[in-house]
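Asker: If you scroll down you'll find the structure; I have some questions about it.
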Amino acid sequence: MADLKTKIHNIKLKNPVLTASGTFGYGVEFDDFFDVDLLGGIIVKGTTIFPRQGNAYPRMAETASGMLNAVGLQNGGAPYFASDIYPKLLKYKTNVLVNVSGSTIEEYVACAEIINELDHISGIELNISCPNVKEGGMAFGISCPSAAAVVNAVKKVYQKTMIVKLSPNVTDITEIARAVEGAGADSVSLINTLLGMAINAETRKPVLSTVTGGLSGPSIKPVALRMVWQVSQAVKIPVIGIGGIMNATDAVEFFLAGATAIQVGTASFIDPLASLKILKGIDDYLNRHHFNHINDIIGCLQM
Ligand SMILES: Cc1cc2nc3c(=O)[nH]c(=O)nc-3n(C[C@H](O)[C@H](O)[C@H](O)COP(=O)(O)O)c2cc1C
């Protein structure tokens with residue numbers, strides 16, 4: 001067994017495999033499939049201060065090599081999370097992180113304040129990149145001043161590790177990464193979904209109720225890899241790679257590009273055991289190439 005231990009700021013990970021927000025529920029939905037504690041950590045569903053119904057159906061569409069979603073951050077709100085969901089997560093020995101979103105800076109701050117009180121939560125992932133909400137979300141993540149402002153405000157109230165999740169729907173993602181690093185982000189995770197759309201030629205209507213939605217899955221991997229590679233060179237804080245990771249080889253590519261950890265998203269919809277299989281496959285890769293530690297491949301792309 002290779003040593004898979006890694007660190008994101010103050011969060012010690014026994015291995016670098018995390019689950020992506022919105023694709024793994026609250027973890028408990030997967031308890032019947034495997035021991036979730038085997039993963040480095042789980043990032044639970046997007047949480048906002050107020051409950052959200054999400055967008056009208058249809059809000060999912062299959063595409064060639066991926067899917068479009070417009071779920072729209074459906075959740076019961078942070079107070080409900082604290083009272084009803086959080087107690088169910090206390091059993092986990094692995095890291096549990098909460099993905100935090102909002103329509104205004106005040107909403108992000110209020111949500112982070114509630115999560116800050118929950119001892120068993122290792123950190124937050126600030127979602128400034130959701131393309132499926134009318135207000136806030138991605139709007140914060142596509143301009144340097146607004147990205148820095150929300151990170152700066154949350155940093156004042158949140159004491160543990162703050163990961164900031166970046167949007168790929170920008171011209172230069174390194175500018176945003178540098179802006180949030182300057183504002184106090186402890187790590188960046190990327191990428192969230194790419195803005196896309198689907199049209200039904202027979203009805204001549206958009207497939208999604210929201211017209212546009214977020215593209216995820218294998219189709220976005222090359223874009224995600226490129227962005228992780230660029231951002232890894234632009235910032236000093238750890239980078240977490242996300243986007244179309246379906247197997248261990250995909251994950252290894254992200255480590256080579258500079259990611260300290262990775263998140264498994266859409267793959268869990270296809271195979272609930274995907275994250276576990278990816279974890280085992282990373283270990284196999286390291287052993288096969290006679291590497292003792294995951295650090296031996298992080299950022300080690302041969303140019
Ligand atoms: C159905 C669905 C819901 C999602 N919900 C969230 C969310 O609440 N917060 C968030 O930051 N990202 C959310 N995402 C984005 C994923 O966490 C991930 O960044 C994206 O899907 C790319 O990774 P993948 O290609 O491995 O799926 C969601 C993605 C999907 C498919």
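A note on labels: chains of the structure tokens are A, B, ... as shown, every chain counts residues from 1, and ligands are counted from 1 in their shown order.
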Neighbouring residues of segment 276-284 of chain A were defined as those with any atom within 10 Å, considering only C-alpha atoms; residues of the same chain fewer than 3 positions away were excluded. Please report them as a ChimeraX atom specification.
Answerer: /A:1-4,15-18,34-36,38-40,245-252,264,267-268,271-273,287-294
Asker: If you run DSSP on the backbone, which residues of segment 27-178 of chain A are strand (DSSP E), as number ranges by chain?
Answerer: A: 41-47, 60-63, 66-69, 95-100, 121-127, 161-165
Asker: Taking only C-alpha atoms and all ligand atoms and a cut-off of 8 Å, can you tell me which residues surround ligand 1, written as a short mmCIF file (atom, residue, chain, number, x, y, z; two decimals) with all heavy atoms, in the first residue's frame?
Answerer:
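And here's part00.cif as it stands now:
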```
data_model
loop_
_atom_site.label_atom_id
_atom_site.label_comp_id
_atom_site.auth_asym_id
_atom_site.auth_seq_id
_atom_site.Cartn_x
_atom_site.Cartn_y
_atom_site.Cartn_z
N THR A 19 -15.89 13.39 -2.35
CA THR A 19 -17.04 13.35 -3.24
C THR A 19 -17.51 14.78 -3.50
O THR A 19 -17.46 15.62 -2.62
CB THR A 19 -18.18 12.53 -2.62
OG1 THR A 19 -18.49 13.08 -1.34
CG2 THR A 19 -17.78 11.08 -2.48
N ALA A 20 -17.97 15.02 -4.74
CA ALA A 20 -18.34 16.38 -5.15
C ALA A 20 -19.74 16.74 -4.67
O ALA A 20 -20.66 15.91 -4.72
CB ALA A 20 -18.26 16.50 -6.67
N SER A 21 -19.90 17.97 -4.25
CA SER A 21 -21.18 18.44 -3.72
C SER A 21 -22.32 18.25 -4.74
O SER A 21 -22.14 18.50 -5.93
CB SER A 21 -21.05 19.92 -3.37
OG SER A 21 -22.29 20.41 -2.91
N GLY A 22 -23.46 17.81 -4.24
CA GLY A 22 -24.65 17.65 -5.09
C GLY A 22 -24.72 16.31 -5.79
O GLY A 22 -25.71 16.01 -6.46
N THR A 23 -23.66 15.52 -5.67
CA THR A 23 -23.63 14.23 -6.36
C THR A 23 -23.53 13.06 -5.38
O THR A 23 -23.46 11.90 -5.79
CB THR A 23 -22.44 14.14 -7.34
OG1 THR A 23 -21.23 14.17 -6.58
CG2 THR A 23 -22.45 15.28 -8.33
N VAL A 44 -20.94 17.64 1.29
CA VAL A 44 -22.38 17.41 1.21
C VAL A 44 -23.04 18.46 0.31
O VAL A 44 -22.41 19.41 -0.14
CB VAL A 44 -23.03 17.30 2.61
CG1 VAL A 44 -22.39 16.19 3.42
CG2 VAL A 44 -22.99 18.62 3.35
N LYS A 45 -24.33 18.23 0.08
CA LYS A 45 -25.13 19.07 -0.81
C LYS A 45 -24.98 20.56 -0.54
O LYS A 45 -24.78 20.97 0.59
CB LYS A 45 -26.60 18.74 -0.55
CG LYS A 45 -27.24 17.81 -1.50
CD LYS A 45 -28.50 17.24 -0.87
CE LYS A 45 -29.70 18.12 -1.16
NZ LYS A 45 -30.21 17.98 -2.52
N GLY A 46 -25.18 21.35 -1.59
CA GLY A 46 -25.13 22.80 -1.45
C GLY A 46 -26.14 23.27 -0.41
O GLY A 46 -27.30 22.86 -0.43
N THR A 47 -25.68 24.12 0.52
CA THR A 47 -26.54 24.60 1.61
C THR A 47 -26.62 26.12 1.56
O THR A 47 -25.61 26.79 1.35
CB THR A 47 -25.96 24.11 2.96
OG1 THR A 47 -25.89 22.69 2.93
CG2 THR A 47 -26.82 24.54 4.13
N MET A 60 -32.86 17.97 -15.53
CA MET A 60 -31.71 17.11 -15.89
C MET A 60 -31.85 16.74 -17.35
O MET A 60 -32.97 16.53 -17.83
CB MET A 60 -31.76 15.80 -15.12
CG MET A 60 -31.62 15.92 -13.63
SD MET A 60 -29.92 15.70 -13.15
CE MET A 60 -30.16 15.39 -11.41
N GLY A 66 -21.90 13.01 -20.90
CA GLY A 66 -22.07 13.87 -19.74
C GLY A 66 -23.54 14.15 -19.48
O GLY A 66 -24.42 13.52 -20.06
N MET A 67 -23.81 15.07 -18.57
CA MET A 67 -25.20 15.43 -18.28
C MET A 67 -25.31 16.93 -18.00
O MET A 67 -24.33 17.58 -17.62
CB MET A 67 -25.72 14.64 -17.08
CG MET A 67 -24.98 14.90 -15.78
SD MET A 67 -25.63 13.93 -14.40
CE MET A 67 -26.91 15.02 -13.80
N LEU A 68 -26.52 17.44 -18.23
CA LEU A 68 -26.81 18.83 -17.88
C LEU A 68 -27.72 18.81 -16.67
O LEU A 68 -28.66 18.01 -16.62
CB LEU A 68 -27.58 19.51 -19.01
CG LEU A 68 -26.78 20.02 -20.21
CD1 LEU A 68 -27.73 20.33 -21.35
CD2 LEU A 68 -25.96 21.26 -19.85
N ASN A 69 -27.47 19.66 -15.68
CA ASN A 69 -28.41 19.74 -14.57
C ASN A 69 -28.72 21.20 -14.25
O ASN A 69 -27.91 22.09 -14.49
CB ASN A 69 -27.87 19.01 -13.32
CG ASN A 69 -27.15 19.93 -12.36
OD1 ASN A 69 -27.77 20.61 -11.54
ND2 ASN A 69 -25.83 20.00 -12.49
N ALA A 70 -29.92 21.38 -13.74
CA ALA A 70 -30.35 22.71 -13.31
C ALA A 70 -31.13 22.54 -12.02
O ALA A 70 -32.23 23.07 -11.87
CB ALA A 70 -31.21 23.35 -14.39
N VAL A 71 -30.57 21.76 -11.09
CA VAL A 71 -31.28 21.46 -9.84
C VAL A 71 -31.55 22.76 -9.07
O VAL A 71 -32.64 22.95 -8.54
CB VAL A 71 -30.49 20.44 -8.99
CG1 VAL A 71 -31.11 20.29 -7.61
CG2 VAL A 71 -30.42 19.10 -9.70
N GLY A 72 -30.57 23.66 -9.04
CA GLY A 72 -30.81 24.97 -8.42
C GLY A 72 -30.73 24.97 -6.91
O GLY A 72 -31.50 25.65 -6.22
N LEU A 73 -29.77 24.20 -6.37
CA LEU A 73 -29.45 24.25 -4.93
C LEU A 73 -30.65 23.96 -4.02
O LEU A 73 -30.87 24.63 -3.01
CB LEU A 73 -28.84 25.63 -4.55
CG LEU A 73 -27.54 26.01 -5.25
CD1 LEU A 73 -27.14 27.44 -4.88
CD2 LEU A 73 -26.42 25.04 -4.86
N GLN A 74 -31.43 22.96 -4.39
CA GLN A 74 -32.55 22.54 -3.53
C GLN A 74 -32.00 22.05 -2.19
O GLN A 74 -31.15 21.17 -2.14
CB GLN A 74 -33.31 21.41 -4.22
CG GLN A 74 -34.48 20.92 -3.42
CD GLN A 74 -35.30 19.89 -4.19
OE1 GLN A 74 -35.08 19.66 -5.36
NE2 GLN A 74 -36.22 19.26 -3.51
N ASN A 99 -20.88 22.45 1.55
CA ASN A 99 -20.84 23.36 0.41
C ASN A 99 -21.83 24.50 0.69
O ASN A 99 -23.01 24.25 0.89
CB ASN A 99 -21.21 22.54 -0.83
CG ASN A 99 -21.18 23.33 -2.12
OD1 ASN A 99 -22.18 23.94 -2.50
ND2 ASN A 99 -20.08 23.29 -2.81
N VAL A 100 -21.32 25.72 0.72
CA VAL A 100 -22.12 26.87 1.15
C VAL A 100 -22.39 27.80 -0.03
O VAL A 100 -21.47 28.14 -0.78
CB VAL A 100 -21.36 27.63 2.26
CG1 VAL A 100 -21.97 29.00 2.53
CG2 VAL A 100 -21.33 26.81 3.55
N SER A 101 -23.65 28.21 -0.19
CA SER A 101 -23.99 29.11 -1.28
C SER A 101 -24.94 30.20 -0.80
O SER A 101 -25.46 30.13 0.32
CB SER A 101 -24.64 28.30 -2.40
OG SER A 101 -24.47 28.97 -3.62
N GLU A 125 -16.86 24.50 1.72
CA GLU A 125 -16.50 24.77 0.33
C GLU A 125 -17.46 25.87 -0.13
O GLU A 125 -18.67 25.64 -0.18
CB GLU A 125 -16.67 23.52 -0.53
CG GLU A 125 -16.29 23.76 -1.98
CD GLU A 125 -16.45 22.51 -2.84
OE1 GLU A 125 -17.57 21.96 -2.89
OE2 GLU A 125 -15.47 22.08 -3.48
N LEU A 126 -16.91 27.03 -0.41
CA LEU A 126 -17.75 28.17 -0.78
C LEU A 126 -18.06 28.08 -2.27
O LEU A 126 -17.15 28.15 -3.10
CB LEU A 126 -16.94 29.44 -0.48
CG LEU A 126 -17.68 30.69 -0.10
CD1 LEU A 126 -18.48 30.49 1.17
CD2 LEU A 126 -16.67 31.83 0.08
N ASN A 127 -19.34 27.91 -2.56
CA ASN A 127 -19.74 27.74 -3.96
C ASN A 127 -20.03 29.10 -4.57
O ASN A 127 -21.12 29.65 -4.38
CB ASN A 127 -20.97 26.81 -4.02
CG ASN A 127 -21.49 26.63 -5.43
OD1 ASN A 127 -20.88 27.09 -6.39
ND2 ASN A 127 -22.62 25.96 -5.55
N ILE A 128 -19.05 29.65 -5.28
CA ILE A 128 -19.28 30.94 -5.96
C ILE A 128 -19.40 30.67 -7.46
O ILE A 128 -19.07 31.51 -8.29
CB ILE A 128 -18.17 31.97 -5.66
CG1 ILE A 128 -16.78 31.43 -6.03
CG2 ILE A 128 -18.20 32.36 -4.20
CD1 ILE A 128 -15.70 32.53 -6.06
N SER A 129 -19.90 29.47 -7.79
CA SER A 129 -19.83 29.05 -9.19
C SER A 129 -21.06 28.29 -9.66
O SER A 129 -21.01 27.66 -10.70
CB SER A 129 -18.59 28.18 -9.37
OG SER A 129 -18.43 27.26 -8.29
N CYS A 130 -22.20 28.36 -8.91
CA CYS A 130 -23.38 27.61 -9.34
C CYS A 130 -24.04 28.32 -10.52
O CYS A 130 -24.49 29.46 -10.39
CB CYS A 130 -24.39 27.45 -8.22
SG CYS A 130 -25.80 26.47 -8.78
N LYS A 165 -14.82 27.24 -4.39
CA LYS A 165 -15.06 26.46 -5.61
C LYS A 165 -15.25 27.40 -6.80
O LYS A 165 -16.15 28.24 -6.82
CB LYS A 165 -16.30 25.58 -5.42
CG LYS A 165 -16.53 24.64 -6.58
CD LYS A 165 -17.48 23.55 -6.19
CE LYS A 165 -17.74 22.58 -7.31
NZ LYS A 165 -18.67 21.52 -6.90
N LEU A 190 -11.84 23.13 -8.26
CA LEU A 190 -12.31 23.43 -9.60
C LEU A 190 -12.30 22.18 -10.47
O LEU A 190 -11.45 21.32 -10.25
CB LEU A 190 -11.47 24.56 -10.24
CG LEU A 190 -9.96 24.33 -10.40
CD1 LEU A 190 -9.46 24.89 -11.67
CD2 LEU A 190 -9.23 24.95 -9.21
N ILE A 191 -13.35 22.05 -11.31
CA ILE A 191 -14.27 23.09 -11.73
C ILE A 191 -15.71 22.73 -11.35
O ILE A 191 -16.02 21.55 -11.15
CB ILE A 191 -14.23 23.32 -13.27
CG1 ILE A 191 -14.52 22.03 -14.04
CG2 ILE A 191 -12.92 23.91 -13.69
CD1 ILE A 191 -14.60 22.19 -15.57
N ASN A 192 -16.54 23.77 -11.23
CA ASN A 192 -17.97 23.54 -11.17
C ASN A 192 -18.43 23.27 -12.61
O ASN A 192 -17.61 23.20 -13.53
CB ASN A 192 -18.68 24.76 -10.56
CG ASN A 192 -19.98 24.38 -9.87
OD1 ASN A 192 -20.73 23.55 -10.38
ND2 ASN A 192 -20.25 24.97 -8.72
N THR A 193 -19.71 23.16 -12.83
CA THR A 193 -20.20 22.78 -14.17
C THR A 193 -20.03 23.92 -15.18
O THR A 193 -20.02 25.09 -14.83
CB THR A 193 -21.68 22.39 -14.07
OG1 THR A 193 -22.38 23.44 -13.42
CG2 THR A 193 -21.85 21.10 -13.30
N GLY A 214 -25.96 23.23 -16.13
CA GLY A 214 -24.54 22.98 -15.91
C GLY A 214 -24.12 21.62 -16.47
O GLY A 214 -24.70 20.59 -16.12
N LEU A 215 -23.12 21.64 -17.32
CA LEU A 215 -22.62 20.40 -17.94
C LEU A 215 -21.56 19.76 -17.05
O LEU A 215 -20.65 20.45 -16.57
CB LEU A 215 -22.03 20.73 -19.32
CG LEU A 215 -21.50 19.57 -20.15
CD1 LEU A 215 -22.62 18.60 -20.55
CD2 LEU A 215 -20.79 20.10 -21.40
N SER A 216 -21.70 18.46 -16.83
CA SER A 216 -20.71 17.72 -16.02
C SER A 216 -20.44 16.38 -16.68
O SER A 216 -21.11 16.00 -17.64
CB SER A 216 -21.26 17.50 -14.61
OG SER A 216 -22.41 16.67 -14.65
N GLY A 217 -19.46 15.66 -16.15
CA GLY A 217 -19.15 14.33 -16.68
C GLY A 217 -17.93 14.33 -17.60
O GLY A 217 -17.23 15.34 -17.71
N PRO A 218 -17.68 13.18 -18.26
CA PRO A 218 -16.44 13.01 -19.04
C PRO A 218 -16.19 14.13 -20.06
O PRO A 218 -15.04 14.48 -20.33
CB PRO A 218 -16.66 11.69 -19.77
CG PRO A 218 -17.67 10.96 -18.97
CD PRO A 218 -18.53 11.98 -18.30
N SER A 219 -17.27 14.72 -20.59
CA SER A 219 -17.08 15.74 -21.63
C SER A 219 -16.33 16.97 -21.11
O SER A 219 -15.73 17.69 -21.90
CB SER A 219 -18.44 16.17 -22.20
OG SER A 219 -19.32 16.49 -21.16
N ILE A 220 -16.36 17.23 -19.81
CA ILE A 220 -15.70 18.45 -19.31
C ILE A 220 -14.28 18.19 -18.81
O ILE A 220 -13.57 19.12 -18.44
CB ILE A 220 -16.54 19.16 -18.21
CG1 ILE A 220 -16.55 18.38 -16.88
CG2 ILE A 220 -17.97 19.42 -18.69
CD1 ILE A 220 -17.12 19.20 -15.71
N LYS A 221 -13.84 16.93 -18.82
CA LYS A 221 -12.53 16.63 -18.22
C LYS A 221 -11.36 17.40 -18.86
O LYS A 221 -10.54 17.95 -18.11
CB LYS A 221 -12.24 15.13 -18.24
CG LYS A 221 -11.05 14.78 -17.35
CD LYS A 221 -10.62 13.33 -17.46
CE LYS A 221 -9.77 13.12 -18.68
NZ LYS A 221 -9.20 11.79 -18.79
N ILE A 242 -11.62 18.70 -9.95
CA ILE A 242 -12.97 18.16 -10.16
C ILE A 242 -13.31 18.30 -11.64
O ILE A 242 -13.01 19.33 -12.25
CB ILE A 242 -14.07 18.96 -9.42
CG1 ILE A 242 -13.61 19.49 -8.08
CG2 ILE A 242 -15.36 18.16 -9.31
CD1 ILE A 242 -14.56 20.55 -7.48
N GLY A 243 -13.99 17.31 -12.19
CA GLY A 243 -14.52 17.45 -13.54
C GLY A 243 -14.31 16.22 -14.38
O GLY A 243 -13.21 15.99 -14.89
N GLY A 244 -15.34 15.41 -14.48
CA GLY A 244 -15.29 14.25 -15.38
C GLY A 244 -14.37 13.14 -14.91
O GLY A 244 -13.92 12.32 -15.72
N ILE A 245 -14.10 13.06 -13.62
CA ILE A 245 -13.24 11.98 -13.11
C ILE A 245 -14.10 10.72 -12.97
O ILE A 245 -14.95 10.64 -12.09
CB ILE A 245 -12.56 12.38 -11.78
CG1 ILE A 245 -11.68 13.61 -12.02
CG2 ILE A 245 -11.75 11.20 -11.22
CD1 ILE A 245 -11.01 14.16 -10.76
N MET A 246 -13.87 9.77 -13.87
CA MET A 246 -14.69 8.56 -13.92
C MET A 246 -13.93 7.34 -13.43
O MET A 246 -14.53 6.32 -13.10
CB MET A 246 -15.17 8.29 -15.35
CG MET A 246 -15.83 9.48 -16.03
SD MET A 246 -17.19 10.21 -15.10
CE MET A 246 -18.50 9.04 -15.45
N GLN A 263 -12.18 15.33 -6.48
CA GLN A 263 -13.57 15.04 -6.12
C GLN A 263 -14.22 14.24 -7.24
O GLN A 263 -14.01 14.54 -8.42
CB GLN A 263 -14.37 16.33 -5.91
CG GLN A 263 -13.89 17.16 -4.73
CD GLN A 263 -14.71 18.43 -4.55
OE1 GLN A 263 -15.81 18.57 -5.06
NE2 GLN A 263 -14.15 19.38 -3.80
N VAL A 264 -14.99 13.26 -6.84
CA VAL A 264 -15.73 12.42 -7.79
C VAL A 264 -17.18 12.91 -7.80
O VAL A 264 -17.82 12.99 -6.75
CB VAL A 264 -15.67 10.94 -7.35
CG1 VAL A 264 -16.47 10.06 -8.31
CG2 VAL A 264 -14.22 10.48 -7.26
N GLY A 265 -17.70 13.26 -9.00
CA GLY A 265 -19.04 13.81 -9.11
C GLY A 265 -19.99 12.89 -9.86
O GLY A 265 -20.45 11.87 -9.31
N THR A 266 -20.26 13.23 -11.11
CA THR A 266 -21.23 12.50 -11.94
C THR A 266 -20.99 10.99 -11.93
O THR A 266 -21.95 10.21 -12.04
CB THR A 266 -21.16 13.06 -13.39
OG1 THR A 266 -21.47 14.47 -13.33
CG2 THR A 266 -22.12 12.38 -14.32
N ALA A 267 -19.75 10.57 -11.80
CA ALA A 267 -19.43 9.12 -11.80
C ALA A 267 -20.24 8.36 -10.76
O ALA A 267 -20.62 7.21 -10.98
CB ALA A 267 -17.93 8.92 -11.56
#
```
Asker: Would you mind reading off the distance between atom CA of Ala112 of chain A and atom CA of Gly54 of chain A, one decimal, in Å?
Answerer: 20.3 Å
Asker: Neighbours of Ile240 of chain A within 8 Å (only C-alpha atoms; same-chain residues fewer than 3 positions away dropped), as a PyMOL selection string?
Answerer: chain A and resi 187-190+228+259-263
Asker: Restricting the calculation to only C-alpha atoms, which member of A:Glu106, A:Gly299, A:Phe50, A:Asp37 is positioned closest to Gln233 of chain A?
Answerer: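 Using only C-alpha atoms, the shortest distance to Gln233 of chain A belongs to A:Gly299.
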Asker: Calculate how many Å separate atom CA of Lys156 of chain A from atom CA of Lys12 of chain A, rounding to one decimal.
Answerer: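 Answer for the atom CA of Lys156 of chain A to atom CA of Lys12 of chain A separation: 22.7 Å.
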